[in-house]
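Asks: Next up, query-v9.txt (compact mmCIF, C-alpha atoms).
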```txt
# COMPACT_ATOMS: atom_id res chain seq x y z
CA PRO C 1 5.38 -18.92 30.42
CA THR C 2 9.05 -19.98 30.55
CA PRO C 3 11.42 -16.95 30.38
CA LEU C 4 13.45 -16.64 27.19
CA THR C 5 17.08 -17.30 28.19
CA PRO C 6 20.07 -15.97 26.17
CA THR C 7 20.78 -19.50 24.94
CA MET C 8 17.18 -20.02 23.80
CA PHE C 9 17.20 -16.62 22.08
CA HIS C 10 20.43 -17.45 20.24
CA CYS C 11 18.99 -20.77 19.01
CA LEU C 12 15.76 -19.08 17.91
CA THR C 13 17.43 -16.23 16.01
CA SER C 14 19.93 -18.61 14.41
CA SER C 15 17.02 -20.70 13.13
CA VAL C 16 15.30 -17.64 11.70
CA ARG C 17 18.49 -16.49 9.98
CA ARG C 18 18.97 -19.91 8.40
CA PHE C 19 15.39 -19.86 7.10
CA TYR C 20 15.79 -16.45 5.47
CA HIS C 21 19.33 -16.74 4.17
CA LYS C 22 19.44 -20.27 2.82
CA SER C 23 20.10 -19.32 -0.79
CA PRO C 24 18.80 -22.53 -2.48
CA THR C 25 15.27 -21.80 -1.19
CA PRO C 26 13.04 -20.40 -3.98
CA THR C 27 12.06 -16.83 -3.16
CA LEU C 28 9.09 -14.55 -3.69
CA TYR C 29 10.37 -10.97 -4.08
CA CYS C 30 7.80 -8.33 -3.13
CA ALA C 31 9.00 -5.32 -5.08
CA ALA C 32 7.96 -1.68 -4.78
CA VAL C 33 7.56 0.18 -8.08
CA PRO C 34 7.27 3.94 -8.67
CA ILE C 35 4.01 5.68 -7.71
CA GLY C 36 4.25 7.99 -10.70
CA ASN C 37 7.69 9.05 -11.83
CA LEU C 38 9.27 6.00 -13.46
CA SER C 39 12.76 7.38 -12.85
CA ASP C 40 12.22 6.54 -9.16
CA SER C 41 12.90 2.88 -10.01
CA SER C 42 15.73 1.52 -7.90
CA GLN C 43 18.72 -0.31 -9.35
CA ASN C 44 17.69 -3.35 -7.31
CA LEU C 45 14.23 -3.32 -8.90
CA GLN C 46 15.67 -3.02 -12.39
CA SER C 47 18.13 -5.84 -11.76
CA HIS C 48 15.42 -8.25 -10.60
CA LEU C 49 13.00 -7.31 -13.38
CA GLN C 50 15.81 -8.04 -15.83
CA SER C 51 16.89 -11.35 -14.35
CA LEU C 52 13.64 -12.99 -13.20
CA THR C 53 11.38 -14.83 -15.62
CA HIS C 54 8.16 -15.07 -13.59
CA ILE C 55 6.55 -11.76 -12.57
CA ILE C 56 3.26 -11.58 -10.69
CA CYS C 57 1.48 -8.31 -11.52
CA GLU C 58 -1.54 -6.43 -10.25
CA ASN C 59 -1.78 -4.94 -13.74
CA THR C 60 0.23 -6.52 -16.55
CA LEU C 61 -0.06 -3.45 -18.79
CA SER C 62 1.42 -1.18 -16.11
CA THR C 63 4.28 -3.62 -15.56
CA MET C 64 4.93 -3.82 -19.30
CA LYS C 65 5.03 -0.01 -19.45
CA LEU C 66 7.55 0.09 -16.60
CA MET C 67 9.74 -2.55 -18.22
CA HIS C 68 9.67 -0.67 -21.52
CA ALA C 69 10.72 2.56 -19.76
CA LEU C 70 13.62 0.72 -18.13
CA GLY C 71 14.70 -0.86 -21.41
CA ILE C 72 13.81 -4.38 -20.27
CA SER C 73 12.46 -6.73 -22.91
CA PRO C 74 9.42 -8.85 -21.97
CA LYS C 75 10.61 -11.58 -24.33
CA GLY C 76 10.90 -14.89 -22.54
CA LYS C 77 9.14 -13.59 -19.41
CA GLN C 78 5.86 -14.79 -17.95
CA LEU C 79 3.64 -12.02 -16.57
CA ILE C 80 0.86 -13.41 -14.39
CA GLN C 81 -1.98 -11.16 -13.24
CA TYR C 82 -2.94 -11.29 -9.58
CA ALA C 83 -5.43 -8.63 -8.51
CA GLU C 84 -8.87 -7.96 -7.08
CA ASP C 85 -12.12 -8.25 -9.00
CA LYS C 86 -14.80 -5.56 -8.97
CA LYS C 87 -16.15 -6.91 -5.68
CA GLY C 88 -12.76 -6.57 -3.98
CA ASN C 89 -12.06 -10.31 -3.92
CA ALA C 90 -8.65 -11.69 -4.79
CA PHE C 91 -8.25 -13.92 -7.80
CA SER C 92 -9.09 -17.57 -7.29
CA GLU C 93 -7.38 -20.16 -5.17
CA LYS C 94 -6.37 -21.78 -8.45
CA ARG C 95 -4.19 -18.76 -9.27
CA ILE C 96 -2.42 -18.92 -5.90
CA ARG C 97 -1.76 -22.65 -6.32
CA ALA C 98 -0.23 -21.96 -9.74
CA ILE C 99 2.17 -19.42 -8.19
CA VAL C 100 3.11 -21.83 -5.39
CA LYS C 101 3.78 -24.45 -8.06
CA LEU C 102 6.28 -22.11 -9.73
CA LEU C 103 8.23 -21.91 -6.48
CA GLN C 104 8.01 -25.67 -6.06
CA GLY C 105 9.69 -25.87 -9.45
CA HIS C 106 12.69 -24.00 -7.97
CA ASN C 107 11.82 -20.68 -9.63
CA ASP C 108 12.29 -17.30 -7.99
CA VAL C 109 9.22 -15.10 -8.50
CA MET C 110 8.64 -11.33 -8.30
CA TYR C 111 5.39 -9.72 -7.16
CA VAL C 112 4.63 -6.08 -8.05
CA SER C 113 1.55 -3.92 -7.62
CA GLU C 114 0.34 -1.40 -10.18
CA ALA C 115 2.06 1.41 -8.28
CA GLY C 116 3.93 1.73 -5.01
CA SER C 117 4.54 -1.03 -2.47
CA PRO C 118 2.69 -4.34 -2.82
CA CYS C 119 0.47 -5.73 -0.05
CA ILE C 120 -0.60 -2.19 0.93
CA SER C 121 -4.31 -1.90 0.08
CA ASP C 122 -4.12 -4.82 -2.33
CA PRO C 123 -4.67 -8.59 -1.95
CA GLY C 124 -0.95 -9.39 -1.94
CA HIS C 125 -0.93 -10.34 1.73
CA GLN C 126 -2.99 -13.46 0.92
CA LEU C 127 -0.40 -14.57 -1.60
CA VAL C 128 2.54 -13.81 0.72
CA ASP C 129 0.85 -15.66 3.59
CA ARG C 130 0.42 -18.76 1.43
CA ILE C 131 4.02 -18.61 0.23
CA ILE C 132 5.32 -18.45 3.81
CA GLU C 133 2.99 -21.26 4.95
CA SER C 134 4.26 -23.36 2.03
CA GLY C 135 7.81 -23.07 3.36
CA PHE C 136 9.30 -20.70 0.81
CA ARG C 137 11.35 -17.57 1.35
CA VAL C 138 9.92 -14.06 1.05
CA SER C 139 12.12 -11.01 0.53
CA VAL C 140 11.44 -7.36 -0.27
CA ILE C 141 12.77 -4.83 -2.75
CA PRO C 142 11.83 -1.57 -1.00
CA GLY C 143 10.94 1.64 -2.75
CA ALA C 144 8.10 4.10 -3.29
CA CYS C 145 5.03 4.09 -1.03
CA ALA C 146 2.13 6.55 -1.32
CA VAL C 147 1.44 6.39 2.43
CA THR C 148 4.89 7.47 3.61
CA SER C 149 5.29 9.91 0.71
CA ALA C 150 2.08 11.72 1.70
CA LEU C 151 3.15 11.80 5.35
CA MET C 152 6.43 13.43 4.36
CA MET C 153 4.64 16.04 2.27
CA SER C 154 2.04 16.80 4.95
CA GLY C 155 4.39 18.22 7.55
CA PHE C 156 2.26 16.62 10.28
CA ASN C 157 3.68 14.68 13.21
CA ALA C 158 4.17 11.12 11.92
CA ASN C 159 5.92 9.60 14.93
CA LYS C 160 2.69 7.66 15.36
CA PHE C 161 0.16 7.33 12.58
CA VAL C 162 -2.62 5.03 11.37
CA PHE C 163 -3.34 3.98 7.80
CA GLU C 164 -6.99 3.24 6.98
CA GLY C 165 -6.73 2.53 3.25
CA PHE C 166 -9.88 3.31 1.26
CA LEU C 167 -12.81 4.43 3.36
CA ASP C 168 -16.09 2.56 2.97
CA LYS C 169 -18.46 3.85 0.28
CA ARG C 170 -21.43 3.50 2.65
CA PRO C 171 -21.92 6.74 4.64
CA LYS C 172 -22.56 5.18 8.07
CA ARG C 173 -19.60 2.81 7.91
CA ARG C 174 -17.39 5.61 6.60
CA LYS C 175 -18.35 7.87 9.49
CA ASP C 176 -17.92 5.04 11.99
CA ALA C 177 -14.37 4.46 10.71
CA LEU C 178 -13.61 8.18 10.90
CA THR C 179 -14.87 8.27 14.49
CA VAL C 180 -12.42 5.50 15.41
CA LEU C 181 -9.58 7.42 13.73
CA ARG C 182 -10.56 10.61 15.57
CA ASP C 183 -10.59 8.88 18.94
CA LEU C 184 -7.12 7.44 18.35
CA GLY C 185 -5.81 11.01 18.20
CA ARG C 186 -3.04 10.09 15.75
CA THR C 187 -2.25 11.39 12.30
CA ALA C 188 -4.34 9.34 9.86
CA VAL C 189 -3.81 8.50 6.20
CA VAL C 190 -6.60 7.44 3.84
CA PHE C 191 -6.87 6.79 0.12
CA GLU C 192 -9.81 8.30 -1.72
CA ASN C 193 -11.46 8.26 -5.10
CA PRO C 194 -11.56 11.75 -6.73
CA VAL C 195 -15.32 11.44 -7.23
CA ARG C 196 -15.91 10.96 -3.50
CA LEU C 197 -13.29 13.41 -2.23
CA ARG C 198 -15.62 16.32 -1.45
CA GLN C 199 -18.11 14.11 0.40
CA THR C 200 -15.33 12.46 2.36
CA LEU C 201 -13.89 15.84 3.39
CA SER C 202 -17.38 16.89 4.50
CA ASP C 203 -17.62 13.75 6.65
CA VAL C 204 -14.13 14.30 8.07
CA GLU C 205 -15.09 17.87 9.00
CA GLU C 206 -18.26 16.61 10.70
CA ILE C 207 -16.34 14.05 12.77
CA PHE C 208 -13.04 15.84 13.43
CA GLY C 209 -14.19 19.46 13.46
CA ALA C 210 -13.64 22.40 11.10
CA HIS C 211 -10.36 23.43 12.74
CA THR C 212 -8.60 20.12 12.07
CA GLN C 213 -5.92 20.37 9.40
CA VAL C 214 -5.71 18.03 6.43
CA ALA C 215 -3.27 17.62 3.56
CA ILE C 216 -4.46 16.44 0.17
CA CYS C 217 -1.86 14.90 -2.13
CA ARG C 218 -2.83 14.17 -5.73
CA GLU C 219 -0.74 12.52 -8.44
CA MET C 220 2.40 12.49 -6.28
CA THR C 221 5.71 12.55 -8.19
CA LYS C 222 3.88 13.03 -11.50
CA MET C 223 3.97 16.04 -13.82
CA HIS C 224 0.63 17.39 -12.55
CA GLU C 225 1.28 16.79 -8.85
CA ASP C 226 -1.01 18.81 -6.56
CA PHE C 227 -0.73 19.48 -2.86
CA ILE C 228 -2.98 21.58 -0.65
CA ARG C 229 -3.05 21.83 3.13
CA GLY C 230 -5.36 23.69 5.44
CA LYS C 231 -8.19 23.53 7.92
CA LEU C 232 -11.20 21.43 6.98
CA GLY C 233 -13.48 24.44 7.21
CA MET C 234 -11.59 26.04 4.32
CA MET C 235 -11.23 22.99 2.07
CA LYS C 236 -14.64 23.45 0.44
CA HIS C 237 -13.41 26.78 -0.90
CA LEU C 238 -10.10 25.35 -2.09
CA ILE C 239 -11.69 22.55 -4.14
CA PRO C 240 -14.22 24.05 -6.59
CA GLU C 241 -17.32 21.93 -7.16
CA ASN C 242 -17.32 22.50 -10.91
CA VAL C 243 -13.88 20.90 -11.40
CA ASP C 244 -13.67 17.18 -12.18
CA LEU C 245 -10.73 15.83 -10.23
CA LYS C 246 -8.75 12.91 -11.58
CA GLY C 247 -5.85 10.77 -10.43
CA GLU C 248 -4.70 9.10 -7.24
CA ILE C 249 -5.50 10.99 -4.02
CA VAL C 250 -4.13 10.55 -0.52
CA VAL C 251 -5.64 12.46 2.39
CA VAL C 252 -3.64 13.00 5.58
CA ILE C 253 -5.58 14.08 8.67
CA GLU C 254 -3.55 15.79 11.38
CA GLY C 255 -3.56 14.00 14.71
CA ARG C 256 -4.24 15.86 17.94
CA ASP C 257 -3.13 14.41 21.27
CA ASP C 258 -5.98 16.06 23.15
CA MET C 259 -8.68 14.54 20.90
CA VAL C 260 -8.81 11.29 22.84
CA GLU C 261 -9.65 13.10 26.07
CA GLU C 262 -11.86 15.68 24.34
CA HIS C 263 -14.23 13.08 22.89
CA VAL C 264 -14.36 10.57 25.75
```
Render the structure in this file as structure tokens.
Replies:
Amino acid sequence: PTPLTPTMFHCLTSSVRRFYHKSPTPTLYCAAVPIGNLSDSSQNLQSHLQSLTHIICENTLSTMKLMHALGISPKGKQLIQYAEDKKGNAFSEKRIRAIVKLLQGHNDVMYVSEAGSPCISDPGHQLVDRIIESGFRVSVIPGACAVTSALMMSGFNANKFVFEGFLDKRPKRRKDALTVLRDLGRTAVVFENPVRLRQTLSDVEEIFGAHTQVAICREMTKMHEDFIRGKLGMMKHLIPENVDLKGEIVVVIEGRDDMVEEHV
């Protein structure tokens, strides 16, 4: 391939800057919302929620609750739900076309998930991809993210980490995914349903070994936030079987550099 000369690089980066900073271009704002504590809302988030009319929501009720807490009236605003169905499929192509049409009408649009940063373990990437392919601008309003929050709480080395999202419900596929994570040797982050937590920890212990450390973060930033950290062999004693866990759970598995060689 032809080497990239300084002149070619300047032309390329100038073109990219013009695409992303041409103010008349309608914009989709991907905005992070709090993962629990509503006071974590940024001033930038509040400003855009106040000024924009069209808001794409994973859960309209959650967005309404956030707006109410921030003193923002929903009057005159259009909240459009965009989420996954029970089978994990994104809403129809018709819904995406309707959102693209809003941008074609020279409207700026905001996209928010139910909690945390959009497009992380939700179908938002399909929407963003279509918006970019349609020639519109995409920008972000950064903020809370359960993945990075859990990494900070864990105390594990996060210079390199891998995020797996929700593990598969099917035992074999779940264990296969855990084996891949183990062989990478990096700190790993997974989301888990409270009902499946004990079984998942049992599978992690089977694959990673009883001496591997994990951190379990539940209801981060909320009033009943819980955090426990320890070796997998001890976790069964720290989580009583007769207690029904509730809330959002993030599991961080400590990475070990020697795991890759150990399991080759």
Asks: Within 7 Å of range 32-39 of chain C, counting all atoms listed in the file, which residues qualify if same-chain residues fewer than 2 places away don't, as an MDAnalysis selection string?
Replies: chainID C and resid 30 41 66 112 115:118 141:146 220:222
Asks: Considering all atoms listed in the file, state which residue in the set C:Ser42, C:Leu151, C:Met234, C:Ala31 is at the smallest distance from Ile120 in chain C.
Replies: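 Between C:Ser42, C:Leu151, C:Met234, C:Ala31, the residue approaching Ile120 in chain C most closely is C:Ala31.
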Asks: What is the CA of Asn59 in chain C-CA of Asn193 in chain C distance in Å, reported with one decimal?
Replies: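 CA of Asn193 in chain C lies at a distance of 18.5 Å from CA of Asn59 in chain C.
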Asks: Tell me which protein, DNA and RNA residues are within 12 Å of Lys160 in chain C, counting all atoms listed in the file, leaving out same-chain ones fewer than 4 positions away, and put them as a list in words.
Replies: Thr148, Leu151, Phe156, Leu184, Gly185, Arg186, Thr187, Ala188, Val189, Glu254, Gly255, Arg256 and Asp257 of chain C
Asks: Box for range 214-220 of chain C - axis-aligned, 3 Å on each of the six sides, all listed atoms - centre and size in Å to one decimal, as lines of an AutoDock Vina configuration file.
Replies:
```
center_x = -1.7
center_y = 15.3
center_z = -1.0
size_x = 14.1
size_y = 11.5
size_z = 20.9
```
Asks: Restricting the calculation to only C-alpha atoms: of C:Leu127, C:Leu45, C:Met223, C:Leu232, which residue gets closest to Lys94 in chain C?
Replies: C:Leu127
Asks: Mind giving me the straight-line distance from CA of Glu206 in chain C to CA of Asp176 in chain C in Å, one decimal?
Replies: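 These atoms are spaced 11.6 Å apart.
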Asks: Using all atoms listed in the file for the distances, tell me which of C:Ile216, C:Glu58, C:Asp244, C:Ser73 is nearest to Ser149 in chain C.
Replies: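 Checking each candidate against Ser149 in chain C, we get C:Ile216 as the closest.
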Asks: So how far away is CA of Gln126 in chain C from CA of Thr200 in chain C, in Å?
Replies: 28.7 Å
Asks: Val252 in chain C: which residues within 10 Å, counting only C-alpha atoms, same-chain residues fewer than 5 positions away excluded, as a PDB file with C-alpha atoms, keeping the file's coordinate frame?
Replies:
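Contents of around-v9.pdb, as written:
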```pdb
ATOM      1  CA  VAL C 147       1.440   6.390   2.430  1.00  0.00           C
ATOM      2  CA  ALA C 150       2.080  11.720   1.700  1.00  0.00           C
ATOM      3  CA  LEU C 151       3.150  11.800   5.350  1.00  0.00           C
ATOM      4  CA  MET C 153       4.640  16.040   2.270  1.00  0.00           C
ATOM      5  CA  SER C 154       2.040  16.800   4.950  1.00  0.00           C
ATOM      6  CA  GLY C 155       4.390  18.220   7.550  1.00  0.00           C
ATOM      7  CA  PHE C 156       2.260  16.620  10.280  1.00  0.00           C
ATOM      8  CA  PHE C 161       0.160   7.330  12.580  1.00  0.00           C
ATOM      9  CA  VAL C 162      -2.620   5.030  11.370  1.00  0.00           C
ATOM     10  CA  PHE C 163      -3.340   3.980   7.800  1.00  0.00           C
ATOM     11  CA  THR C 187      -2.250  11.390  12.300  1.00  0.00           C
ATOM     12  CA  ALA C 188      -4.340   9.340   9.860  1.00  0.00           C
ATOM     13  CA  VAL C 189      -3.810   8.500   6.200  1.00  0.00           C
ATOM     14  CA  VAL C 190      -6.600   7.440   3.840  1.00  0.00           C
ATOM     15  CA  PHE C 191      -6.870   6.790   0.120  1.00  0.00           C
ATOM     16  CA  GLN C 213      -5.920  20.370   9.400  1.00  0.00           C
ATOM     17  CA  VAL C 214      -5.710  18.030   6.430  1.00  0.00           C
ATOM     18  CA  ALA C 215      -3.270  17.620   3.560  1.00  0.00           C
ATOM     19  CA  ILE C 216      -4.460  16.440   0.170  1.00  0.00           C
ATOM     20  CA  CYS C 217      -1.860  14.900  -2.130  1.00  0.00           C
ATOM     21  CA  ARG C 229      -3.050  21.830   3.130  1.00  0.00           C
TER      22      ARG C 229
END
```
Asks: Between C:Gly230, C:Ile131, C:Pro123, C:His54, which one has atoms that come closest to Ala210 in chain C, using only C-alpha atoms?
Replies: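 Of the candidates, the smallest distance to Ala210 in chain C is held by C:Gly230.
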Asks: Check the smallest atom-to-atom distance from each of C:Gln104, C:Met235, C:Gln43, C:Tyr29 to Val128 in chain C using only C-alpha atoms, then report the winner.
Replies: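 Ranked by minimum distance to Val128 in chain C, first place goes to C:Tyr29.
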